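Contents: one structure, followed by commentary.
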Amino acid sequence: LRASRRAHALPPAAEKVTSLGKDWHRPCLRCEKCNKTLTSGGHAEHDGKPYCNHPCYAALFGPKGFGRGGAESHTFK
């Protein structure tokens, strides 16, 4: 299992999920931008990294401009 985000050991019975061609501890599969816990198959990917579909992926990599995907009102600081 990949625990790239956390350096702690999880109990052996910890649930694993497979996403982006890798195995993850469920709590370690998180959005790169907002850190929200993601579900396998329920998120977007960019450069091999997971992102929540909305608002993060849409705001960072989606179409730009008014009325394109509804992410135009979300800004990151």
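How things are named: the first chain in the structure tokens is A, the next is B, and so on; residues count from 1 in each chain; ligands count from 1 in the order shown.
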For this session: Can you pull out every residue within 10 Å of Gly42 in chain A, counting only C-alpha atoms, but drop anything in the same chain fewer than 5 positions away, and send it as an NGL selection string?
Result: :A and (19 or 50-53)
Residues from last step as file, N, CA, C and O atoms, as a compact mmCIF listing (two decimals), in the first residue's frame:
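Listing of out.txt after writing:
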# COMPACT_ATOMS: atom_id res chain seq x y z
N SER A 19 -6.70 3.08 -6.89
CA SER A 19 -7.02 4.23 -7.73
C SER A 19 -5.75 4.73 -8.39
O SER A 19 -4.67 4.65 -7.78
N PRO A 50 -4.45 12.81 -7.46
CA PRO A 50 -5.92 12.85 -7.34
C PRO A 50 -6.43 14.24 -6.94
O PRO A 50 -5.80 14.95 -6.16
N TYR A 51 -7.58 14.59 -7.50
CA TYR A 51 -8.26 15.85 -7.17
C TYR A 51 -9.74 15.59 -7.07
O TYR A 51 -10.28 14.76 -7.81
N CYS A 52 -10.45 16.28 -6.16
CA CYS A 52 -11.91 16.17 -6.15
C CYS A 52 -12.41 16.81 -7.45
O CYS A 52 -11.78 17.72 -7.99
N ASN A 53 -13.51 16.29 -7.97
CA ASN A 53 -14.03 16.79 -9.25
C ASN A 53 -14.42 18.26 -9.19
O ASN A 53 -14.16 19.02 -10.10
Could you name the residues that touch Glu15 in chain A at 9 Å or less, counting only C-alpha atoms, but leaving out those on the same chain fewer than 5 positions away, as a PDB file with N, CA, C and O atoms, in the first residue's frame?
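The new file result-v8.pdb reads:
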ATOM      1  N   TRP A  24      -4.015   2.336  -2.110  1.00  0.00           N
ATOM      2  CA  TRP A  24      -3.967   3.408  -1.105  1.00  0.00           C
ATOM      3  C   TRP A  24      -4.659   2.940   0.159  1.00  0.00           C
ATOM      4  O   TRP A  24      -5.627   2.185   0.098  1.00  0.00           O
ATOM      5  N   HIS A  25      -4.224   3.432   1.312  1.00  0.00           N
ATOM      6  CA  HIS A  25      -5.033   3.337   2.517  1.00  0.00           C
ATOM      7  C   HIS A  25      -6.194   4.297   2.263  1.00  0.00           C
ATOM      8  O   HIS A  25      -5.978   5.398   1.734  1.00  0.00           O
ATOM      9  N   ARG A  26      -7.400   3.910   2.612  1.00  0.00           N
ATOM     10  CA  ARG A  26      -8.559   4.768   2.327  1.00  0.00           C
ATOM     11  C   ARG A  26      -8.349   6.213   2.805  1.00  0.00           C
ATOM     12  O   ARG A  26      -8.601   7.150   2.056  1.00  0.00           O
ATOM     13  N   PRO A  27      -7.862   6.454   4.029  1.00  0.00           N
ATOM     14  CA  PRO A  27      -7.709   7.849   4.456  1.00  0.00           C
ATOM     15  C   PRO A  27      -6.586   8.602   3.739  1.00  0.00           C
ATOM     16  O   PRO A  27      -6.505   9.816   3.827  1.00  0.00           O
TER      17      PRO A  27
END
Problem set entry | Nearest to Cys31 in chain A, chosen from A:Tyr57, A:Gly62, A:Asp47, A:Lys16, with only C-alpha atoms counted in the distances |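 Checking each of A:Tyr57, A:Gly62, A:Asp47, A:Lys16 against Cys31 in chain A, counting only C-alpha atoms, the winner is A:Tyr57.
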For this session: Compile the contact shell of Gly41 in chain A as a ChimeraX atom specification: residues with an atom at most 10 Å away, counting only C-alpha atoms, same-chain residues fewer than 6 positions apart removed.
Result: /A:17-20
With C-alpha atoms retained, could you export that selection as a PDB file, in the first residue's frame?
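Saved the output as part.pdb:
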ATOM      1  CA  VAL A  17      -8.638   1.208  -2.244  1.00  0.00           C
ATOM      2  CA  THR A  18      -7.141   1.042  -5.701  1.00  0.00           C
ATOM      3  CA  SER A  19      -7.021   4.233  -7.726  1.00  0.00           C
ATOM      4  CA  LEU A  20      -4.716   5.756 -10.336  1.00  0.00           C
TER       5      LEU A  20
END
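Using only C-alpha atoms, the residues found no farther than 12 Å from Glu32 in chain A, other than those of its own chain fewer than 4 positions away, are Ser4, Arg5, Cys28, Lys36, Thr37, Leu38, His43, Ala44, Glu45, His46, Asp47, Gly48, Lys49, Pro50, Tyr51, Cys52, Asn53, Cys56, Tyr57 and Leu60 of chain A.
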